[in-house]
4 protein chains.
Amino acid sequence: MGTQAQKITIPNILEVGTQRIENTALYLERAGISKVIIFFGEGIKVLFGSKLIESIEKSSSVELLKSYEYDEIRLENLVDEAFSIPAETHAVIGIGGGKVLDCAKYIAFLNDIPFISIPTSTSNDAFASSGCSLYISNRRKSVHAVMPYGIIVDLDIVINSPMKFIYSGLGDIVSKITAIYDWYFEQEHGKGKVKDFAAMLAKKSANSIVRLEMPNIKENFFLKEMVDSLTMSGIAMEIAGSSAPASGSEHLISHALDKILERPELHGLQVGVATYLMSLVQNHRSKRIEKFFIQTGFFDYIETLEMKKSDFEKAITTAPSIKPNRFTTIHIEENQEIAKKLLYSNPYLNKILK
Amino acid sequence: MGTQAQKITIPNILEVGTQRIENTALYLERAGISKVIIFFGEGIKVLFGSKLIESIEKSSSVELLKSYEYDEIRLENLVDEAFSIPAETHAVIGIGGGKVLDCAKYIAFLNDIPFISIPTSTSNDAFASSGCSLYISNRRKSVHAVMPYGIIVDLDIVINSPMKFIYSGLGDIVSKITAIYDWYFEQEHGKGKVKDFAAMLAKKSANSIVRLEMPNIKENFFLKEMVDSLTMSGIAMEIAGSSAPASGSEHLISHALDKILERPELHGLQVGVATYLMSLVQNHRSKRIEKFFIQTGFFDYIETLEMKKSDFEKAITTAPSIKPNRFTTIHIEENQEIAKKLLYSNPYLNKILK
Amino acid sequence: MGTQAQKITIPNILEVGTQRIENTALYLERAGISKVIIFFGEGIKVLFGSKLIESIEKSSSVELLKSYEYDEIRLENLVDEAFSIPAETHAVIGIGGGKVLDCAKYIAFLNDIPFISIPTSTSNDAFASSGCSLYISNRRKSVHAVMPYGIIVDLDIVINSPMKFIYSGLGDIVSKITAIYDWYFEQEHGKGKVKDFAAMLAKKSANSIVRLEMPNIKENFFLKEMVDSLTMSGIAMEIAGSSAPASGSEHLISHALDKILERPELHGLQVGVATYLMSLVQNHRSKRIEKFFIQTGFFDYIETLEMKKSDFEKAITTAPSIKPNRFTTIHIEENQEIAKKLLYSNPYLNKILK
Amino acid sequence: MGTQAQKITIPNILEVGTQRIENTALYLERAGISKVIIFFGEGIKVLFGSKLIESIEKSSSVELLKSYEYDEIRLENLVDEAFSIPAETHAVIGIGGGKVLDCAKYIAFLNDIPFISIPTSTSNDAFASSGCSLYISNRRKSVHAVMPYGIIVDLDIVINSPMKFIYSGLGDIVSKITAIYDWYFEQEHGKGKVKDFAAMLAKKSANSIVRLEMPNIKENFFLKEMVDSLTMSGIAMEIAGSSAPASGSEHLISHALDKILERPELHGLQVGVATYLMSLVQNHRSKRIEKFFIQTGFFDYIETLEMKKSDFEKAITTAPSIKPNRFTTIHIEENQEIAKKLLYSNPYLNKILK
């Protein structure tokens with residue numbers, strides 16, 4: 001019947017706070033998970049390995065079968081590792097940055113076992129989404145994997161991660177504002193249908209952040225809000241069955257930059273700038289975004305990076321071709337021209353970009 | 001296995017905006033629903049009946065089998081009606097206030113068919129939750145029914161509903177702040193386990209509202225945010241499998257008032273006052289709530305009602321016995337004393353209550 | 001998306017064998033159920049109460065909150081009881097015949113908690129289905145309730161139940177053969193769509209029984225097969241979302257007899273006779289059914305009951321009006337005539353009916 | 001909560017009968033599937049390609065994006081193809097033997113889109129299961145993929161497939177008898193827990209076949225029963241979350257033969273012989289199996305293959321090491337000795353094996 005209510009999958013473990021990593025075994029116990037393997041990202045084992053491993057070793061019911069320092073995201077290598085893990089593995093833990101999380105997530109997916117996501121920085125919403133970015137035949141590709149069964153974010157770690165990761169996370173959250181606008185824009189033009197609940201979640205995830213009166217990005221309170229919002233954004237995509245609630249024209253510009261530049265900046269940093277730009281084009285809540293980026297120091301931070309207007313210009317031209325099946329504001333040629341001009345005429349963009 | 005991710009049910013139709021009621025048939029069509037019955041609340045058919053019925057009559061695929069002006073919530077009468085609806089009914093629409101929505105929701109539940117919720121005022125989150133408030137053997141009781149399959153909120157109607165309904169909705173949304181505090185409070189005292197994702201949703205639902213810089217409660221923009229938040233609150237309860245994410249000590253005080261008073265005020269109005277009171281007791285975000293209630297005119301509105309301090313005092317004493325199995329801040333005797341004193345010592349409470 | 005695979009609900013506890021009742025607490029423990037109430041059918045507590053209660057009392061993790069000797073199926077009384085059970089009840093156990101199982105099942109449904117079904121006789125598939133037969137406004141009605149969370153069938157009890165119950169169960173199982181024929185018949189005539197997997201399950205449930213070479217109905221081996229088949233039949237209806245895979249023209253004749261007669265025979269006995277009759281009308285596997293009913297003694301048993309041909313004649317005429325929305329073989333007038341004549345011309349029917 | 005009923009996934013399209021392939025587009029339409037790709041197994045396009053393609057070309061709502069003659073099951077090649085299919089593909093159809101079904105199933109799995117299984121021979125239950133047999137780093141491995149969204153079996157094709165495929169299917173179905181015995185054997189020895197509903201399905205799937213009085217393996221009636229039973233077996237594994245309901249000691253012996261022999265026989269043929277052997281060891285229903293294998297000509301057919309007793313002897317020794325975590329009857333050393341002797345002492349085995 002077409003009238004069954006939609007069922008969505010949500011993480012069973014969701015722990016965001018201080019002193020989380022040392023309690024990992026406790027969360028696994030409660031969830032009935034007993035035999036695990038751990039994938040550590042580069043340099044992560046030295047930093048947080050002992051805390052995590054000790055937590056498990058002290059547990060009487062959770063057993064560490066094997067740990068890897070391995071964050072391969074080339075699919076051809078990944079599959080070999082995936083099918084060589086211990087046969088009795090009950091869950092795969094990934095700890096570190098985006099690469100190792102994608103690696104561990106895909107290995108869990110191929111083996112049809114739960115994935116536990118422990119990001120050490122929260123520069124985008126990948127730690128809470130079912131997607132994966134892999135190299136397939138030497139080309140980077142976004143592929144479907146599986147929603148994390150557990151998400152554990154230790155704010156003691158996140159707060160000490162480099163500022164660029166935190167600013168990147170901020171940029172990724174704020175981008176929901178222009179992404180949602182583009183999704184409804186598409187629907188109004190008869191292309192695709194917005195899933196309202198997904199749109200609502202994504203919108204709330206951004207609004208609860210940008211409406212903070214005095215955002216202090218180095219406080220646990222703020223970071224928890226940000227991590228919660230990134231998690232909601234991941235779940236919004238799960239509900240939508242696509243990235244549309246979290247990714248519109250601003251993401252296309254960032255993806256285009258990734259193609260154009262030899263050394264692109266962090267995803268969320270590029271996305272943040274493109275979000276401000278597109279909010280001006282959309283004439284939609286740009287003042288709110290502007291104020292937020294000023295208050296949090298996002299604009300100041302971007303200025304130190306020396307990103308180039310000319311690269312953004314090229315990216316604007318390329319953006320629509322990244323997802324030819326979509327129809328966002330940047331798919332309108334006129335809007336591309338407006339966007340290019342804004343790079344110079346808008347005082348903030350003119351200042352923070354070289 | 002204990003390691004299956006949790007599946008939750010979400011509404012398939014979720015339409016919040018202007019000009020929604022006249023498009024009801026369109027939403028039903030898209031969802032594949034063809035044969036419906038409508039329950040109108042008291043006085044509702046005169047006001048909005050023609051718009052809704054015309055929408056369906058114009059549709060080639062949706063058929064109105066029967067319409068009722070009936071909002072009975074005494075279970076003994078309700079069941080007879082429930083089992084007399086046309087055999088081929090595909091979905092039950094309820095339109096109006098809390099009573100008719102509860103009535104139609106329960107009839108849909110008993111027949112295992114979808115329920116479409118069309119609230120004409122949004123004074124609390126019941127229009128978006130699976131619960132039902134019925135009279136059973138002459139006592140009001142909250143019982144389990146079913147999550148709405150569709151939620152349609154027409155802001156053109158809501159904006160014209162009496163102010164008391166809007167203020168009541170506000171009070172109900174803000175109450176998530178103290179409710180979530182109480183849920184974690186309970187967990188810290190070893191009673192029950194917080195479901196983190198549910199808590200997160202409920203928190204975001206309140207934060208995206210109370211952090212608005214200039215909340216204008218008579219604007220569509222604001223009302224849409226409020227309705228979305230009430231919806232998220234309803235879904236948070238669904239995920240939690242209990243009312244805990246949406247209802248703590250502040251709700252117990254309101255429930256106690258319902259028992260004590262012959263003519264209690266609207267649920268959300270009582271809850272709002274109790275929320276401010278309990279945020280002071282919890283020493284948790286009371287300044288934020290205070291500011292929000294001042295800016296929106298909530299406090300001013302409450303003052304016109306002439307609610308009595310003495311009634312609140314009694315309610316504080318009674319509150320813990322309403323749900324003896326829970327363990328909120330008001331279950332601590334010392335906190336009851338603090339709360340009672342605050343009714344007089346806090347300048348706002350002292351002013352708005354008689 | 002229309003392309004999500006269908007999810008179906010199956011019982012988590014399914015225990016069919018000897019010495020099951022004394023191990024009930026063990027099954028509940030494994031499923032994580034702790035606080036239960038029990039509804040005993042008339043006369044059941046004396047017979048099996050101590051075994052069941054002792055099992056629970058010996059358990060350290062399962063607690064019996066309350067037990068009832070109550071098998072009310074008048075809805076108006078049932079609802080009062082339903083909403084008076086202890087607030088912390090985790091699951092409802094029903095033990096006995098059809099009445100108490102329907103009563104306990106509906107109470108579990110109204111409270112949204114698991115139902116544990118312990119039939120002491122297995123005269124039809126109701127113990128394993130989500131349906132319920134209740135008196136509503138003094139008329140018997142089949143209503144939707146909930147699939148049992150657990151099914152526990154103790155063959156030591158079933159084997160000692162009166163023969164009529166076993167023969168009734170047999171009749172109900174064999175009826176899948178004509179029911180499935182009618183379902184496809186309906187589809188071929190453009191009315192409704194067969195759900196193939198449901199049809200397959202129902203068919204297998206009958207075939208694995210009727211193809212037994214030497215069916216001995218007083219052996220545990222046979223009874224286990226029969227109980228398993230009745231369970232599969234219950235689940236087939238759940239998958240179909242209707243009773244169609246388990247109930248066709250033969251059931252309509254039995255329902256008609258229930259209306260006509262002051263003291264109808266057991267459901268499955270009437271259904272069994274009607275199944276043989278309709279298999280002759282359908283010209284579909286009647287030889288197989290004939291042989292099975294001879295070998296098992298079903299025909300001989302029916303002969304002792306002195307059911308009347310004239311009642312069957314009336315029932316054949318009434319049958320189509322019981323479910324006017326369906327289109328089974330008996331809905332064709334010509335077939336009604338054929339059926340009536342067969343009551344006299346078929347040697348077996350002529351002999352077993354008076 | 002531990003008390004949610006289990007949800008299982010079942011195929012939405014299940015079409016088993018004559019003239020099915022030419023109606024494929026109709027089944028896809030009904031399910032709302034519009035854009036498909038087809039994978040043809042070796043030699044299949046010549047035989048059945050035009051019928052299938054014409055069905056789709058005639059449809060106004062289903063579109064064939066691309067077709068492949070490709071049945072690669074080496075994972076390293078498969079993944080490249082998997083991520084090069086047209087971006088708008090809605091479903092993957094595989095048609096042919098085991099290889100192409102595994103190939104297409106895995107490609108559908110990696111892309112998270114529905115898989116439509118159209119087996120042209122039914123030599124085992126793989127066409128209806130979520131498992132896949134792939135070459136990974138040059139070793140054959142059983143991996144998890146996805147339950148088919150649709151299963152379409154055209155008996156006009158199956159009936160004309162070589163006899164060896166039909167006998168192989170028979171062997172695979174009968175093996176449920178010893179497999180279920182082993183599963184309960186394991187549970188009795190404290191290793192693992194039988195999922196009763198899965199066991200019941202698997203048992204019924206075999207019983208409805210072996211209890212046929214006059215099995216005629218070249219009749220559509222019989223073939224439909226067999227295909228239905230293989231489908232139920234596939235679903236039983238899905239419910240169990242493991243192959244246990246469908247695979248016990250008899251499968252281990254066959255897997256061992258695959259390792260030992262350069263040119264092993266078809267899976268189901270080896271399994272059938274091992275099933276008879278193990279039923280003798282288990283002293284469980286061997287007479288029934290014997291009779292069935294005589295009546296259907298299975299034993300006679302096996303005799304023509306000249307399989308060797310000495311190979312079976314070796315396989316018996318190796319069998320337990322294939323799945324060291326399980327504990328079937330063949331894991332008991334004494335039983336291995338009994339099994340080896342039976343190869344010579346049992347008159348049927350002695351005759352059909354060289």
# chains A, B, ... in the order shown; residues from 1 in each chain; ligands from 1

$ interface_residues --of "chain C" --to "chain D" --cutoff "9 Å" --atoms "only C-alpha atoms" --output "MDAnalysis selection string"
chainID C and resid 1:16 31:33 90:91 113:114 147:150 195:197 200:201 204:213 225 228:229 232

$ closest_residue --among "B:Ser137, B:His189, B:Ala274, B:Leu65" --to "Met307 of chain B" --atoms "only C-alpha atoms"
B:Ala274

$ residues_around --residues "segment 34-51 of chain C" --least-positions-apart "3" --cutoff "7 Å" --atoms "only C-alpha atoms" --output "count of residues only"
27

$ closest_residue --among "B:Gly268, B:Gly131, B:Pro215, B:Pro324" --to "Leu110 of chain C" --atoms "only C-alpha atoms"
B:Gly131

$ select_by_dssp --residues "segment 18-66 of chain C" --states "alpha helix (DSSP H)" --output "NGL selection string"
:C and (24-30 or 44 or 50-58)

$ residues_around --residues "Leu305 of chain A" --least-positions-apart "3" --cutoff "10 Å" --atoms "only C-alpha atoms" --output "list in words"
Glu265, Leu269, Asp300, Tyr301, Ile302, Lys308, Ile352, Leu353 and Lys354 of chain A

$ select_by_dssp --residues "segment 62-286 of chain D" --states "strand (DSSP E or B)" --output "ChimeraX atom specification"
/D:63-69,74,91-96,115-119,131-136,139-144,150-154

$ closest_residue --among "D:Ala246, D:Val273, D:Ala145, D:Leu342" --to "Ala179 of chain D" --atoms "only C-alpha atoms"
D:Ala246

$ residues_around --residues "Ile107 of chain A" --least-positions-apart "2" --cutoff "8 Å" --atoms "only C-alpha atoms" --output "VMD selection string"
chain A and resid 78 to 79 81 to 82 92 103 to 105 109 to 111

$ write_last_selection --atoms "all heavy atoms" --output "mmCIF file, in the first residue's frame"
data_model
loop_
_atom_site.group_PDB
_atom_site.id
_atom_site.type_symbol
_atom_site.label_atom_id
_atom_site.label_comp_id
_atom_site.auth_asym_id
_atom_site.auth_seq_id
_atom_site.Cartn_x
_atom_site.Cartn_y
_atom_site.Cartn_z
ATOM 1 N N LEU A 78 40.373 -1.281 -0.616
ATOM 2 C CA LEU A 78 39.430 -1.356 0.496
ATOM 3 C C LEU A 78 38.694 -2.700 0.527
ATOM 4 O O LEU A 78 38.511 -3.298 1.594
ATOM 5 C CB LEU A 78 38.420 -0.212 0.308
ATOM 6 C CG LEU A 78 37.466 0.128 1.424
ATOM 7 C CD1 LEU A 78 38.235 0.592 2.634
ATOM 8 C CD2 LEU A 78 36.529 1.248 0.976
ATOM 9 N N VAL A 79 38.254 -3.167 -0.632
ATOM 10 C CA VAL A 79 37.454 -4.390 -0.649
ATOM 11 C C VAL A 79 38.259 -5.589 -0.139
ATOM 12 O O VAL A 79 37.717 -6.460 0.545
ATOM 13 C CB VAL A 79 36.862 -4.702 -2.048
ATOM 14 C CG1 VAL A 79 35.782 -3.692 -2.396
ATOM 15 C CG2 VAL A 79 37.911 -4.766 -3.116
ATOM 16 N N GLU A 81 40.614 -5.576 2.112
ATOM 17 C CA GLU A 81 40.637 -5.474 3.572
ATOM 18 C C GLU A 81 39.264 -5.831 4.136
ATOM 19 O O GLU A 81 39.151 -6.536 5.142
ATOM 20 C CB GLU A 81 41.005 -4.031 3.969
ATOM 21 C CG GLU A 81 41.549 -3.915 5.375
ATOM 22 C CD GLU A 81 42.907 -4.602 5.541
ATOM 23 O OE1 GLU A 81 43.808 -4.345 4.724
ATOM 24 O OE2 GLU A 81 43.040 -5.435 6.473
ATOM 25 N N ALA A 82 38.228 -5.334 3.468
ATOM 26 C CA ALA A 82 36.858 -5.537 3.962
ATOM 27 C C ALA A 82 36.536 -7.015 4.140
ATOM 28 O O ALA A 82 35.881 -7.410 5.108
ATOM 29 C CB ALA A 82 35.845 -4.896 3.015
ATOM 30 N N VAL A 92 32.221 -2.426 13.432
ATOM 31 C CA VAL A 92 33.445 -1.756 13.007
ATOM 32 C C VAL A 92 33.451 -0.346 13.584
ATOM 33 O O VAL A 92 32.510 0.415 13.363
ATOM 34 C CB VAL A 92 33.524 -1.649 11.463
ATOM 35 C CG1 VAL A 92 34.805 -0.940 11.040
ATOM 36 C CG2 VAL A 92 33.400 -3.013 10.813
ATOM 37 N N CYS A 103 36.387 5.000 5.191
ATOM 38 C CA CYS A 103 36.973 3.658 5.048
ATOM 39 C C CYS A 103 36.260 2.648 5.946
ATOM 40 O O CYS A 103 35.793 1.598 5.488
ATOM 41 C CB CYS A 103 38.463 3.752 5.397
ATOM 42 S SG CYS A 103 39.289 2.192 5.703
ATOM 43 N N ALA A 104 36.141 2.962 7.213
ATOM 44 C CA ALA A 104 35.512 2.027 8.161
ATOM 45 C C ALA A 104 34.031 1.860 7.875
ATOM 46 O O ALA A 104 33.467 0.766 7.984
ATOM 47 C CB ALA A 104 35.730 2.522 9.594
ATOM 48 N N LYS A 105 33.398 2.950 7.459
ATOM 49 C CA LYS A 105 31.967 2.890 7.135
ATOM 50 C C LYS A 105 31.721 1.932 5.970
ATOM 51 O O LYS A 105 30.783 1.120 6.004
ATOM 52 C CB LYS A 105 31.467 4.293 6.765
ATOM 53 C CG LYS A 105 29.959 4.427 6.691
ATOM 54 C CD LYS A 105 29.536 5.738 6.021
ATOM 55 C CE LYS A 105 29.787 6.934 6.931
ATOM 56 N NZ LYS A 105 29.385 8.226 6.286
ATOM 57 N N PHE A 109 29.676 -1.552 5.831
ATOM 58 C CA PHE A 109 28.604 -1.718 4.845
ATOM 59 C C PHE A 109 28.765 -3.024 4.075
ATOM 60 O O PHE A 109 27.825 -3.817 3.953
ATOM 61 C CB PHE A 109 28.626 -0.525 3.886
ATOM 62 C CG PHE A 109 27.831 -0.712 2.626
ATOM 63 C CD1 PHE A 109 26.454 -0.875 2.660
ATOM 64 C CD2 PHE A 109 28.467 -0.732 1.381
ATOM 65 C CE1 PHE A 109 25.721 -1.042 1.483
ATOM 66 C CE2 PHE A 109 27.739 -0.901 0.206
ATOM 67 C CZ PHE A 109 26.367 -1.061 0.256
ATOM 68 N N LEU A 110 29.964 -3.275 3.565
ATOM 69 C CA LEU A 110 30.178 -4.480 2.748
ATOM 70 C C LEU A 110 29.965 -5.753 3.576
ATOM 71 O O LEU A 110 29.606 -6.794 3.046
ATOM 72 C CB LEU A 110 31.585 -4.485 2.145
ATOM 73 C CG LEU A 110 31.835 -3.464 1.022
ATOM 74 C CD1 LEU A 110 33.298 -3.488 0.592
ATOM 75 C CD2 LEU A 110 30.934 -3.731 -0.195
ATOM 76 N N ASN A 111 30.187 -5.654 4.876
ATOM 77 C CA ASN A 111 30.022 -6.830 5.725
ATOM 78 C C ASN A 111 28.662 -6.878 6.423
ATOM 79 O O ASN A 111 28.405 -7.806 7.190
ATOM 80 C CB ASN A 111 31.148 -6.877 6.773
ATOM 81 C CG ASN A 111 32.444 -7.354 6.185
ATOM 82 O OD1 ASN A 111 32.632 -8.544 5.962
ATOM 83 N ND2 ASN A 111 33.352 -6.427 5.888
#

$ residues_around --residues "Asp125 of chain B" --least-positions-apart "2" --cutoff "6 Å" --atoms "only C-alpha atoms" --output "number ranges by chain"
B: 127-128, 230, 234

$ residues_around --residues "Ile289 of chain D" --least-positions-apart "2" --cutoff "8 Å" --atoms "only C-alpha atoms" --output "ChimeraX atom specification"
/D:174,210,276,285-287,291-293

$ atom_distance --atom1 "atom CA of Glu333 of chain A" --atom2 "atom CA of Thr317 of chain A"
8.7 Å

$ atom_distance --atom1 "atom CA of Thr296 of chain B" --atom2 "atom CA of Ser279 of chain B"
17.9 Å
